[in-house]
Amino acid sequence: MNFTLKIWRQKNRTDKGKLVTYAVSNIPPDASFLEVLDVLNGDLVRKGEEPVAFDHDCREGICGSCGIMIEGRAHGPNRKAATCELRMRSFPDGDTLTVEPWRARPFPVIKDLVVDRSAFDRIMQAGGYVSVKTGQAPDANAIPVPKHHAEEAMDAAACIGCGACVATCPNGSAMLFVAAKVSQLALLPQGHAERKERVERMLAQMDAEGFGSCSNTYACEAECPKQVSVQHIARLNREFVRATAL
Amino acid sequence: MTLDAKIPSGPIEKKWDAHRFNMKLVNPANKRKYTIIVVGTGLAGASAAASLAELGYNVISLCYHESPRRAHSIAAQGGINAPKNYTNDGDSIYRLFYDTVKGGDYRAREANVYRLAQVSGNVIDQCVAQGVPFGREYGGMLDNRSFGGAQVSRTFYARGQTGQQLLLGAYSALSRQINTGKVKYYARRDMLDVIIADGQARGIIARNMVTGELETYLGNAVVLATGGYGNVFYLSTNAKASNATAIWRAYKRGAVFANPCFTQIHPTCIPQSGDFQSKLTLMSESLRNDGRIWVPKKKGDTRNPADIPEEERDYYLERLYPSFGNLVPRDVASRRAKEMCDKGFGVGSTKLAVYLDFADAIKRTGKETIAEKYGNLFDMYHEITAEDPYTTPMRIYPAVHYTMGGLWVDYNLMSNVPGLYVIGEANFSDHGANRLGASALMQGLADGYFILPYTIGDYLATSQFKAVADGHPAVAEAKGATQERIARLLAVKGKRTPDDFHKALGHIMWNKVGMGRNKKGLEEAIQQIAALREEFWKDVNVIGAAGDLNGELERAARIADFLELGELLARDAHHREESCGGHFREEYQTDEGEAQRNDKKFSYVAAWEHTGDGKEPKLHKEPLEFEYVKPSQRSYK
Ligand SMILES: Cc1cc2nc3c(=O)[nH]c(=O)nc-3n(C[C@H](O)[C@H](O)[C@H](O)COP(=O)(O)OP(=O)(O)OC[C@H]3O[C@@H](n4cnc5c(N)ncnc54)[C@H](O)[C@@H]3O)c2cc1C
Ligand code: SF4
Ligand code: FES
């Protein structure tokens with residue numbers, strides 16, 4: 001297969017950046033999108049040009065490192081898949097694809113397709129945990145957890161922290177990401193002692209980082225590779241009302 | 001040099017307790033006077049950094065990832081073991097200990113393994129308290145499954161994402177400590193050297209991967225939690241960036257490297273489909289609980305699997321191992337798959353694959369049940385291969401997965417360099433020559449939560465520390481050496497990409513140092529790797545600048561280290577004239593083609609000491625004694 005790629009090239013945080021057009025050819029349909037970037041980078045290096053920088057690691061949709069806007073869609077056209085899981089057979093041969101980094105104020109571009117998502121870490125540091133020290137835990141079976149709660153908590157906990165929800169949201173909101181953690185810990189008895197502080201602190205940090213607010217467009221759920229449901233946002237809202245009303 | 005494992009005396013079940021009592025404690029008020037550097041934020045590093053900070057130490061935590069949560073531990077699928085015996089099927093600490101020593105083919109230290117089995121229950125407690133959403137039964141209690149051929153159900157799991165959930169648990173504990181200020185965390189930092197001053201590990205040199213600046217981090221002890229080195233084979237199930245640089249640099253500064261040739265090849269991975277391929281994807285071992293492995297009885301049979309009648313199929317694992325069948329340990333299943341393909345029975349376009357067939361299980365239990373158990377794996381397989389495993393058998397082939405070898409550590413998890421600790425997959429300690437499924441997660445968290453935080457205190461309490469600051473000669477020397485290395489890489493300006501060399505190395509490793517090894521092949525490999533290394537330093541092309549985000553430079557530096565480690569791995573495999581666990585020397589097998597150990601000659605840990613570039617490394621032996629689990633020929637017939 002052959003493709004034309006229009007890729008965002010930006011030297012560093014302050015560079016203005018621009019789209020540069022490249023052609024790649026003889027791509028097998030089983031190749032992943034990132035492997036196409038590998039092929040292109042090999043060609044560029046051989047020509048003495050700087051390869052395209054992009055974040056990636058596990059290449060199986062779990063580490064959350066990769067995250068590229070392809071034709072204006074976060075992680076490309078496939079639902080339920082991160083960029084690294086996308087295979088080229090998902091595109092028509094000869095296609096032209098525009099390839100850009102996540103665009104959101106709290107995710108500044110570091111270079112080419114690499115952005116700084118450390119804002120997510122700081123939101124977690126603000127309250128995305130249960131304050132239990134090593135050694136303090138009771139026996140694992142001491143507190144039963146209804147299976148459906150555990151399963152729903154797991155649905156939320158499946159979030160890989162990729163940032164597609166933010167990149168795709170017209171408001172640049174991180175609500176789905178924050179809700180995934182708040183909801184997971186609200187569903188489990190282990191998370192209850194701190195539920196008030198948790199939701200308040202995480203939301204405050206989200207605001208401080210400059211993420212927008214949620215206006216229920218549900219674009220996030222549609223593009224989330226792990227299909228984290230917007231119902232968790234509803235639960236977050238309930239947690240917040242509960243926290244502030246008490 | 002004599003390697004003292006410092007195994008406490010006394011009966012095995014009392015050793016750890018007695019040791020904990022005998023170790024010196026650091027007074028609570030003094031803990032804040034010590035700084036500990038933890039490199040890596042996988043299960044081992046994140047759990048250690050959080051636990052040390054909770055105790056009151058100052059912790060510096062770094063990783064090359066963009067966030068601690070991206071460490072490769074995130075990718076573990078299947079589960080984590082603990083002998084809670086919640087299933088009442090006869091499990092116990094002793095049984096897990098026994099299974100692990102036997103599974104490791106009698107090449108692990110009994111005392112370490114026993115302690116691991118002892119603390120693994122606490123690991124599960126800790127994770128549950130953090131909010132890890134393990135799978136549960138309808139009554140609300142934790143569910144367990146049997147995994148990797150264990151005869152008891154002791155594996156805890158969170159769907160097919162156990163590693164992710166455990167890592168997010170450890171990450172949450174770490175995040176809390178970053179928030180309190182006890183942990184200073186630095187992302188996108190590549191550790192490139194360790195600083196050894198006055199005989200003690202006192203710091204590291206790391207490259208800021210965004211600005212390219214070399215930075216110095218100093219403290220009282222250094223903990224390496226930097227993962228395994230499976231990517232020396234180029235293609236593996238490891239994440240792309242996983243590498244050996246941290247432990248290799250430590251090796252070159254005097255830490256001895258133990259059993260480098262003990263690598264694990266996992267039997268169920270999606271086969272390679274072409275040259276462009278950048279990594280291999282694991283299909284969880286749990287699939288072997290329901291899938292049946294077969295090849296056509298006729299060589300070179302190109303018929304569609306559905307057109308091959310039952311009597312023309314060879315369910316070779318069931319035939320060879322009637323009692324374990326498809327559930328034989330990983331090393332056995334991998335070797336047999338290779339053997340079948342080598343003999344010409346392989347399937348698929350490359351003929352390097354065997355079938356893993358779910359038709360019987362679907363008939364027996366219904367498609368829904370199979371979808372509930374393995375749905376996400378089937379989807380992943382479908383996404384990658386465009387084939388539907390519900391209707392056509394999966395094609396699988398073994399792939400490099402885990403490295404049992406690593407830096408040598410004593411019972412306290414300290415290397416032979418004072419103050420340099422190594423935890424998680426980066427050390428060699430607990431899995432002998434073969435790791436059992438669901439035991440790496442257990443070990444990483446046991447090391448980080450429950451072992452290292454005690455043992456490091458004893459070292460701090462009993463050591464004297466001189467002041468080491470930026471101007472110290474050891475710091476300047478390490479920094480200078482790193483700078484020079486980077487400059488050298490950039491100065492070659494050859495024609496081949498770093499990746500080209502990595503692929504070439506992987507090719508040699510897989511063909512000659514992979515699943516089947518022999519004397520001649522290993523000798524060739526040692527030569528070829530040396531030649532490739534020479535070629536690398538003449539012809540590699542590292543584009544871009546040192547003072548910038550530069551993926552090519554990062555990769556090139558890692559590959560340069562792999563090119564050295566690959567040779568040591570081959571040397572170790574060459575010297576170990578026996579077969580054990582994942583190390584299969586073709587010359588040493590039983591009449592039935594099973595691994596033939598030689599306990600008289602090789603019941604030891606092989607620990608290699610660096611003696612200088614271009615010089616042969618020196619072998620040290622730590623003898624292994626088996627007081628409790630008497631070595632026998634493993635049999636899964
Ligand atoms: C696909 C797959 C599935 C698996 N499934 C299971 C399973 O079901 N059960 C099981 O028990 N085990 C499983 N394993 C094995 C297990 O996941 C690993 O052995 C374990 O997670 C390793 O953890 P770790 O903390 O030692 O290292 P890692 O998680 O690899 O972490 C390494 C850390 O070190 C950092 N680092 C490394 N080098 C440097 C450097 N030079 N400078 C700065 N930072 C550095 C990295 O950034 C990272 O943070 C699986 C492995 C794979 C590949
Ligand atoms: S909620 Fe979904 S899209 Fe957002 S960070 Fe998590 S996985 Fe990515
Ligand atoms: S590279 Fe890990 S999720 Fe894509």
# chains A, B, ... in the order shown; residues from 1 in each chain; ligands from 1
>>> closest_atom_pairs(of="chain B", to="ligand 1", cutoff="6 Å", atoms="only C-alpha atoms and all ligand atoms", output="tab-separated table")
residue	atom	partner	partner_atom_place_in_ligand_line	distance
B:Val39	CA	ligand 1	44 (N)	5.3
B:Gly40	CA	ligand 1	34 (O)	3.1
B:Thr41	CA	ligand 1	49 (O)	3.7
B:Gly42	CA	ligand 1	29 (O)	3.5
B:Leu43	CA	ligand 1	25 (O)	4.0
B:Ala44	CA	ligand 1	25 (O)	3.8
B:Gly45	CA	ligand 1	25 (O)	5.6
B:Leu62	CA	ligand 1	43 (C)	5.8
B:Cys63	CA	ligand 1	44 (N)	3.4
B:Tyr64	CA	ligand 1	47 (O)	4.2
B:His65	CA	ligand 1	47 (O)	4.7
B:Pro68	CA	ligand 1	49 (O)	5.9
B:Ala71	CA	ligand 1	49 (O)	4.2
B:His72	CA	ligand 1	29 (O)	4.0
B:Ser73	CA	ligand 1	21 (O)	3.3
B:Ala75	CA	ligand 1	1 (C)	5.1
B:Ala76	CA	ligand 1	5 (N)	3.3
B:Gln77	CA	ligand 1	8 (O)	4.3
B:Gly78	CA	ligand 1	8 (O)	3.3
B:Gly79	CA	ligand 1	8 (O)	4.3
B:Ile80	CA	ligand 1	11 (O)	5.2
B:Arg189	CA	ligand 1	43 (C)	5.5
B:Asp190	CA	ligand 1	42 (N)	3.7
B:Met191	CA	ligand 1	42 (N)	3.6
B:Leu192	CA	ligand 1	41 (N)	5.8
B:Ala225	CA	ligand 1	26 (O)	5.4
B:Thr226	CA	ligand 1	34 (O)	3.4
B:Gly227	CA	ligand 1	27 (O)	3.4
B:Thr237	CA	ligand 1	53 (C)	4.7
B:Asn238	CA	ligand 1	53 (C)	4.2
B:Thr245	CA	ligand 1	41 (N)	5.2
B:Ala246	CA	ligand 1	41 (N)	4.3
B:Leu282	CA	ligand 1	1 (C)	5.3
B:His401	CA	ligand 1	53 (C)	5.4
B:Gly424	CA	ligand 1	26 (O)	3.5
B:Glu425	CA	ligand 1	26 (O)	3.9
B:Ala426	CA	ligand 1	26 (O)	5.7
B:Gly437	CA	ligand 1	9 (N)	5.7
B:Ala438	CA	ligand 1	11 (O)	3.2
B:Ser439	CA	ligand 1	11 (O)	4.0
B:Ala440	CA	ligand 1	11 (O)	3.5
B:Leu441	CA	ligand 1	11 (O)	3.8
B:Met442	CA	ligand 1	11 (O)	5.9
B:Gly444	CA	ligand 1	25 (O)	5.6
>>> select_by_dssp(residues="segment 121-276 of chain B", states="strand (DSSP E)", output="ChimeraX atom specification")
/B:155-156,183-186,189-197,200-208,214-218,221-224,257-258,263-269
>>> atom_distance(atom1="atom CA of Asp17 of chain B", atom2="atom CA of Ala5 of chain B")
17.1 Å
>>> residues_near_ligand(ligand="ligand 3", cutoff="7 Å", atoms="only C-alpha atoms and all ligand atoms", output="PyMOL selection string")
chain A and resi 56-67+82-85
>>> write_last_selection(atoms="N, CA and C atoms", output="PDB file, in the first residue's frame")
ATOM      1  N   HIS A  56       5.637   6.462  22.176  1.00  0.00           N
ATOM      2  CA  HIS A  56       5.067   5.121  22.030  1.00  0.00           C
ATOM      3  C   HIS A  56       5.852   4.222  22.952  1.00  0.00           C
ATOM      4  N   ASP A  57       5.315   3.090  23.336  1.00  0.00           N
ATOM      5  CA  ASP A  57       6.147   2.119  24.039  1.00  0.00           C
ATOM      6  C   ASP A  57       5.612   0.695  23.907  1.00  0.00           C
ATOM      7  N   CYS A  58       4.439   0.436  24.516  1.00  0.00           N
ATOM      8  CA  CYS A  58       3.985  -0.958  24.549  1.00  0.00           C
ATOM      9  C   CYS A  58       3.569  -1.468  23.173  1.00  0.00           C
ATOM     10  N   ARG A  59       3.034  -0.582  22.371  1.00  0.00           N
ATOM     11  CA  ARG A  59       2.512  -0.931  21.055  1.00  0.00           C
ATOM     12  C   ARG A  59       1.454  -2.027  21.118  1.00  0.00           C
ATOM     13  N   GLU A  60       0.740  -2.081  22.212  1.00  0.00           N
ATOM     14  CA  GLU A  60      -0.421  -2.950  22.232  1.00  0.00           C
ATOM     15  C   GLU A  60      -1.598  -2.331  22.977  1.00  0.00           C
ATOM     16  N   GLY A  61      -1.640  -1.026  23.003  1.00  0.00           N
ATOM     17  CA  GLY A  61      -2.841  -0.349  23.478  1.00  0.00           C
ATOM     18  C   GLY A  61      -3.031  -0.304  24.975  1.00  0.00           C
ATOM     19  N   ILE A  62      -1.936  -0.376  25.749  1.00  0.00           N
ATOM     20  CA  ILE A  62      -2.159  -0.403  27.197  1.00  0.00           C
ATOM     21  C   ILE A  62      -1.351   0.657  27.957  1.00  0.00           C
ATOM     22  N   CYS A  63      -0.212   1.099  27.416  1.00  0.00           N
ATOM     23  CA  CYS A  63       0.612   2.021  28.209  1.00  0.00           C
ATOM     24  C   CYS A  63       0.118   3.457  28.109  1.00  0.00           C
ATOM     25  N   GLY A  64      -0.637   3.769  27.048  1.00  0.00           N
ATOM     26  CA  GLY A  64      -1.177   5.116  26.901  1.00  0.00           C
ATOM     27  C   GLY A  64      -0.181   6.121  26.350  1.00  0.00           C
ATOM     28  N   SER A  65       0.990   5.671  25.924  1.00  0.00           N
ATOM     29  CA  SER A  65       2.005   6.616  25.435  1.00  0.00           C
ATOM     30  C   SER A  65       1.628   7.227  24.094  1.00  0.00           C
ATOM     31  N   CYS A  66       1.169   6.390  23.182  1.00  0.00           N
ATOM     32  CA  CYS A  66       0.923   6.886  21.838  1.00  0.00           C
ATOM     33  C   CYS A  66      -0.343   7.738  21.864  1.00  0.00           C
ATOM     34  N   GLY A  67      -0.479   8.596  20.932  1.00  0.00           N
ATOM     35  CA  GLY A  67      -1.666   9.425  20.872  1.00  0.00           C
ATOM     36  C   GLY A  67      -1.461  10.399  19.750  1.00  0.00           C
ATOM     37  N   ALA A  82      -6.187   2.218  20.321  1.00  0.00           N
ATOM     38  CA  ALA A  82      -5.192   3.288  20.419  1.00  0.00           C
ATOM     39  C   ALA A  82      -4.423   3.347  19.107  1.00  0.00           C
ATOM     40  N   THR A  83      -3.682   4.440  18.908  1.00  0.00           N
ATOM     41  CA  THR A  83      -2.960   4.621  17.645  1.00  0.00           C
ATOM     42  C   THR A  83      -2.103   3.406  17.303  1.00  0.00           C
ATOM     43  N   CYS A  84      -1.447   2.856  18.314  1.00  0.00           N
ATOM     44  CA  CYS A  84      -0.527   1.750  18.043  1.00  0.00           C
ATOM     45  C   CYS A  84      -1.241   0.488  17.594  1.00  0.00           C
ATOM     46  N   GLU A  85      -2.536   0.395  17.856  1.00  0.00           N
ATOM     47  CA  GLU A  85      -3.277  -0.815  17.474  1.00  0.00           C
ATOM     48  C   GLU A  85      -3.851  -0.731  16.069  1.00  0.00           C
TER      49      GLU A  85
END
>>> residues_around(residues="Leu86 of chain A", least_positions_apart="6", cutoff="8 Å", atoms="only C-alpha atoms", output="number ranges by chain")
A: 32-33, 75-76, 78; B: 383
>>> write_last_selection(atoms="all heavy atoms", output="PDB file, in the first residue's frame")
ATOM      1  N   SER A  32       1.297  -1.745  11.392  1.00  0.00           N
ATOM      2  CA  SER A  32       0.544  -0.825  12.238  1.00  0.00           C
ATOM      3  C   SER A  32       0.892   0.606  11.823  1.00  0.00           C
ATOM      4  O   SER A  32       1.900   0.839  11.146  1.00  0.00           O
ATOM      5  CB  SER A  32       0.897  -1.044  13.708  1.00  0.00           C
ATOM      6  OG  SER A  32       2.195  -0.571  13.973  1.00  0.00           O
ATOM      7  N   PHE A  33       0.066   1.538  12.260  1.00  0.00           N
ATOM      8  CA  PHE A  33       0.322   2.927  11.908  1.00  0.00           C
ATOM      9  C   PHE A  33       1.700   3.376  12.402  1.00  0.00           C
ATOM     10  O   PHE A  33       2.424   4.085  11.711  1.00  0.00           O
ATOM     11  CB  PHE A  33      -0.774   3.835  12.480  1.00  0.00           C
ATOM     12  CG  PHE A  33      -0.635   5.241  12.026  1.00  0.00           C
ATOM     13  CD1 PHE A  33      -1.105   5.634  10.784  1.00  0.00           C
ATOM     14  CD2 PHE A  33      -0.004   6.195  12.814  1.00  0.00           C
ATOM     15  CE1 PHE A  33      -0.941   6.940  10.336  1.00  0.00           C
ATOM     16  CE2 PHE A  33       0.157   7.492  12.385  1.00  0.00           C
ATOM     17  CZ  PHE A  33      -0.317   7.870  11.140  1.00  0.00           C
ATOM     18  N   HIS A  75      -6.523   9.036  17.778  1.00  0.00           N
ATOM     19  CA  HIS A  75      -6.170   7.624  17.551  1.00  0.00           C
ATOM     20  C   HIS A  75      -6.699   7.098  16.215  1.00  0.00           C
ATOM     21  O   HIS A  75      -6.811   5.882  16.032  1.00  0.00           O
ATOM     22  CB  HIS A  75      -6.707   6.712  18.659  1.00  0.00           C
ATOM     23  CG  HIS A  75      -6.093   6.923  20.012  1.00  0.00           C
ATOM     24  ND1 HIS A  75      -4.744   6.831  20.260  1.00  0.00           N
ATOM     25  CD2 HIS A  75      -6.662   7.201  21.225  1.00  0.00           C
ATOM     26  CE1 HIS A  75      -4.512   7.038  21.551  1.00  0.00           C
ATOM     27  NE2 HIS A  75      -5.653   7.274  22.161  1.00  0.00           N
ATOM     28  N   GLY A  76      -7.061   7.954  15.295  1.00  0.00           N
ATOM     29  CA  GLY A  76      -7.491   7.482  13.972  1.00  0.00           C
ATOM     30  C   GLY A  76      -8.924   6.998  13.945  1.00  0.00           C
ATOM     31  O   GLY A  76      -9.665   7.175  14.903  1.00  0.00           O
ATOM     32  N   ASN A  78     -10.483   4.023  13.908  1.00  0.00           N
ATOM     33  CA  ASN A  78     -11.089   2.854  14.555  1.00  0.00           C
ATOM     34  C   ASN A  78     -11.538   3.151  15.969  1.00  0.00           C
ATOM     35  O   ASN A  78     -10.815   3.773  16.737  1.00  0.00           O
ATOM     36  CB  ASN A  78     -10.088   1.687  14.604  1.00  0.00           C
ATOM     37  CG  ASN A  78      -9.839   1.103  13.237  1.00  0.00           C
ATOM     38  OD1 ASN A  78     -10.231   1.697  12.227  1.00  0.00           O
ATOM     39  ND2 ASN A  78      -9.196  -0.033  13.192  1.00  0.00           N
TER      40      ASN A  78
ATOM     41  N   GLU B 383      -7.778  -7.789  15.568  1.00  0.00           N
ATOM     42  CA  GLU B 383      -7.274  -6.484  15.133  1.00  0.00           C
ATOM     43  C   GLU B 383      -5.921  -6.626  14.432  1.00  0.00           C
ATOM     44  O   GLU B 383      -5.655  -5.997  13.411  1.00  0.00           O
ATOM     45  CB  GLU B 383      -7.142  -5.579  16.368  1.00  0.00           C
ATOM     46  CG  GLU B 383      -6.757  -4.154  16.110  1.00  0.00           C
ATOM     47  CD  GLU B 383      -7.911  -3.319  15.570  1.00  0.00           C
ATOM     48  OE1 GLU B 383      -9.075  -3.532  15.975  1.00  0.00           O
ATOM     49  OE2 GLU B 383      -7.613  -2.464  14.734  1.00  0.00           O
TER      50      GLU B 383
END
>>> residues_near_ligand(ligand="ligand 2", cutoff="10 Å", atoms="only C-alpha atoms and all ligand atoms", output="number ranges by chain")
A: 61-65, 67, 74-75, 80-82, 120, 156-169, 173-181, 219-230, 232
>>> closest_residue(among="B:Arg70, B:Lys338, B:Lys373, B:Arg288", to="chain A", atoms="only C-alpha atoms")
B:Arg70
>>> interface_residues(of="chain A", to="chain B", cutoff="6 Å", atoms="only C-alpha atoms", output="JSON, numbers by chain")
{"A": [57, 58, 63, 125, 129, 130, 134, 137, 139, 140, 141, 144, 145, 146, 147, 150, 154, 190]}
>>> closest_residue(among="B:Glu339, B:Asp458, B:Glu215, B:Glu594", to="Met515 of chain B", atoms="only C-alpha atoms")
B:Glu339
>>> residues_around(residues="Leu5 of chain A", least_positions_apart="6", cutoff="8 Å", atoms="only C-alpha atoms", output="MDAnalysis selection string")
chainID A and resid 21:24 96:99
>>> write_last_selection(atoms="C-alpha atoms", output="PDB file, in the first residue's frame")
ATOM      1  CA  THR A  21       4.293  16.114   3.259  1.00  0.00           C
ATOM      2  CA  TYR A  22       5.970  12.712   2.932  1.00  0.00           C
ATOM      3  CA  ALA A  23       5.262   9.688   0.754  1.00  0.00           C
ATOM      4  CA  VAL A  24       5.565   6.125   2.036  1.00  0.00           C
ATOM      5  CA  THR A  96      -3.571  11.053   2.189  1.00  0.00           C
ATOM      6  CA  LEU A  97      -3.510  11.304   5.971  1.00  0.00           C
ATOM      7  CA  THR A  98      -2.999  14.383   8.101  1.00  0.00           C
ATOM      8  CA  VAL A  99      -1.051  13.497  11.224  1.00  0.00           C
TER       9      VAL A  99
END
>>> residues_around(residues="Glu616 of chain B", least_positions_apart="2", cutoff="12 Å", atoms="only C-alpha atoms", output="mmCIF file with N, CA and C atoms, in the first residue's frame")
data_model
loop_
_atom_site.group_PDB
_atom_site.id
_atom_site.type_symbol
_atom_site.label_atom_id
_atom_site.label_comp_id
_atom_site.auth_asym_id
_atom_site.auth_seq_id
_atom_site.Cartn_x
_atom_site.Cartn_y
_atom_site.Cartn_z
ATOM 1 N N ILE B 526 29.112 -15.551 19.293
ATOM 2 C CA ILE B 526 30.043 -14.682 20.021
ATOM 3 C C ILE B 526 30.894 -13.880 19.031
ATOM 4 N N GLU B 564 26.894 -5.395 23.608
ATOM 5 C CA GLU B 564 27.846 -5.982 24.558
ATOM 6 C C GLU B 564 27.171 -7.075 25.371
ATOM 7 N N GLU B 567 26.711 -10.497 23.759
ATOM 8 C CA GLU B 567 27.878 -11.383 23.778
ATOM 9 C C GLU B 567 28.012 -12.091 25.133
ATOM 10 N N LEU B 568 27.764 -11.354 26.198
ATOM 11 C CA LEU B 568 27.865 -11.986 27.519
ATOM 12 C C LEU B 568 26.821 -13.098 27.652
ATOM 13 N N ARG B 571 28.066 -16.060 25.856
ATOM 14 C CA ARG B 571 29.168 -16.674 26.614
ATOM 15 C C ARG B 571 28.638 -17.504 27.771
ATOM 16 N N ASP B 572 27.672 -16.949 28.464
ATOM 17 C CA ASP B 572 27.095 -17.661 29.606
ATOM 18 C C ASP B 572 26.431 -18.956 29.127
ATOM 19 N N TRP B 608 29.015 -12.951 36.393
ATOM 20 C CA TRP B 608 30.123 -12.502 35.543
ATOM 21 C C TRP B 608 30.585 -11.111 35.948
ATOM 22 N N GLU B 609 31.891 -10.992 36.013
ATOM 23 C CA GLU B 609 32.489 -9.709 36.395
ATOM 24 C C GLU B 609 33.164 -9.074 35.179
ATOM 25 N N HIS B 610 32.881 -7.811 34.987
ATOM 26 C CA HIS B 610 33.514 -7.065 33.890
ATOM 27 C C HIS B 610 34.971 -6.821 34.249
ATOM 28 N N THR B 611 35.874 -7.105 33.297
ATOM 29 C CA THR B 611 37.298 -6.920 33.601
ATOM 30 C C THR B 611 37.933 -5.884 32.689
ATOM 31 N N GLY B 612 37.127 -5.218 31.909
ATOM 32 C CA GLY B 612 37.666 -4.208 30.986
ATOM 33 C C GLY B 612 37.164 -4.468 29.578
ATOM 34 N N ASP B 613 37.026 -3.405 28.797
ATOM 35 C CA ASP B 613 36.546 -3.561 27.424
ATOM 36 C C ASP B 613 37.501 -4.424 26.624
ATOM 37 N N GLY B 614 36.925 -5.315 25.828
ATOM 38 C CA GLY B 614 37.755 -6.183 24.992
ATOM 39 C C GLY B 614 38.387 -7.335 25.750
ATOM 40 N N LYS B 618 35.069 -12.285 33.903
ATOM 41 C CA LYS B 618 35.492 -13.325 34.839
ATOM 42 C C LYS B 618 34.274 -13.971 35.484
ATOM 43 N N LEU B 619 34.300 -15.286 35.542
ATOM 44 C CA LEU B 619 33.167 -16.030 36.104
ATOM 45 C C LEU B 619 33.336 -16.260 37.604
#
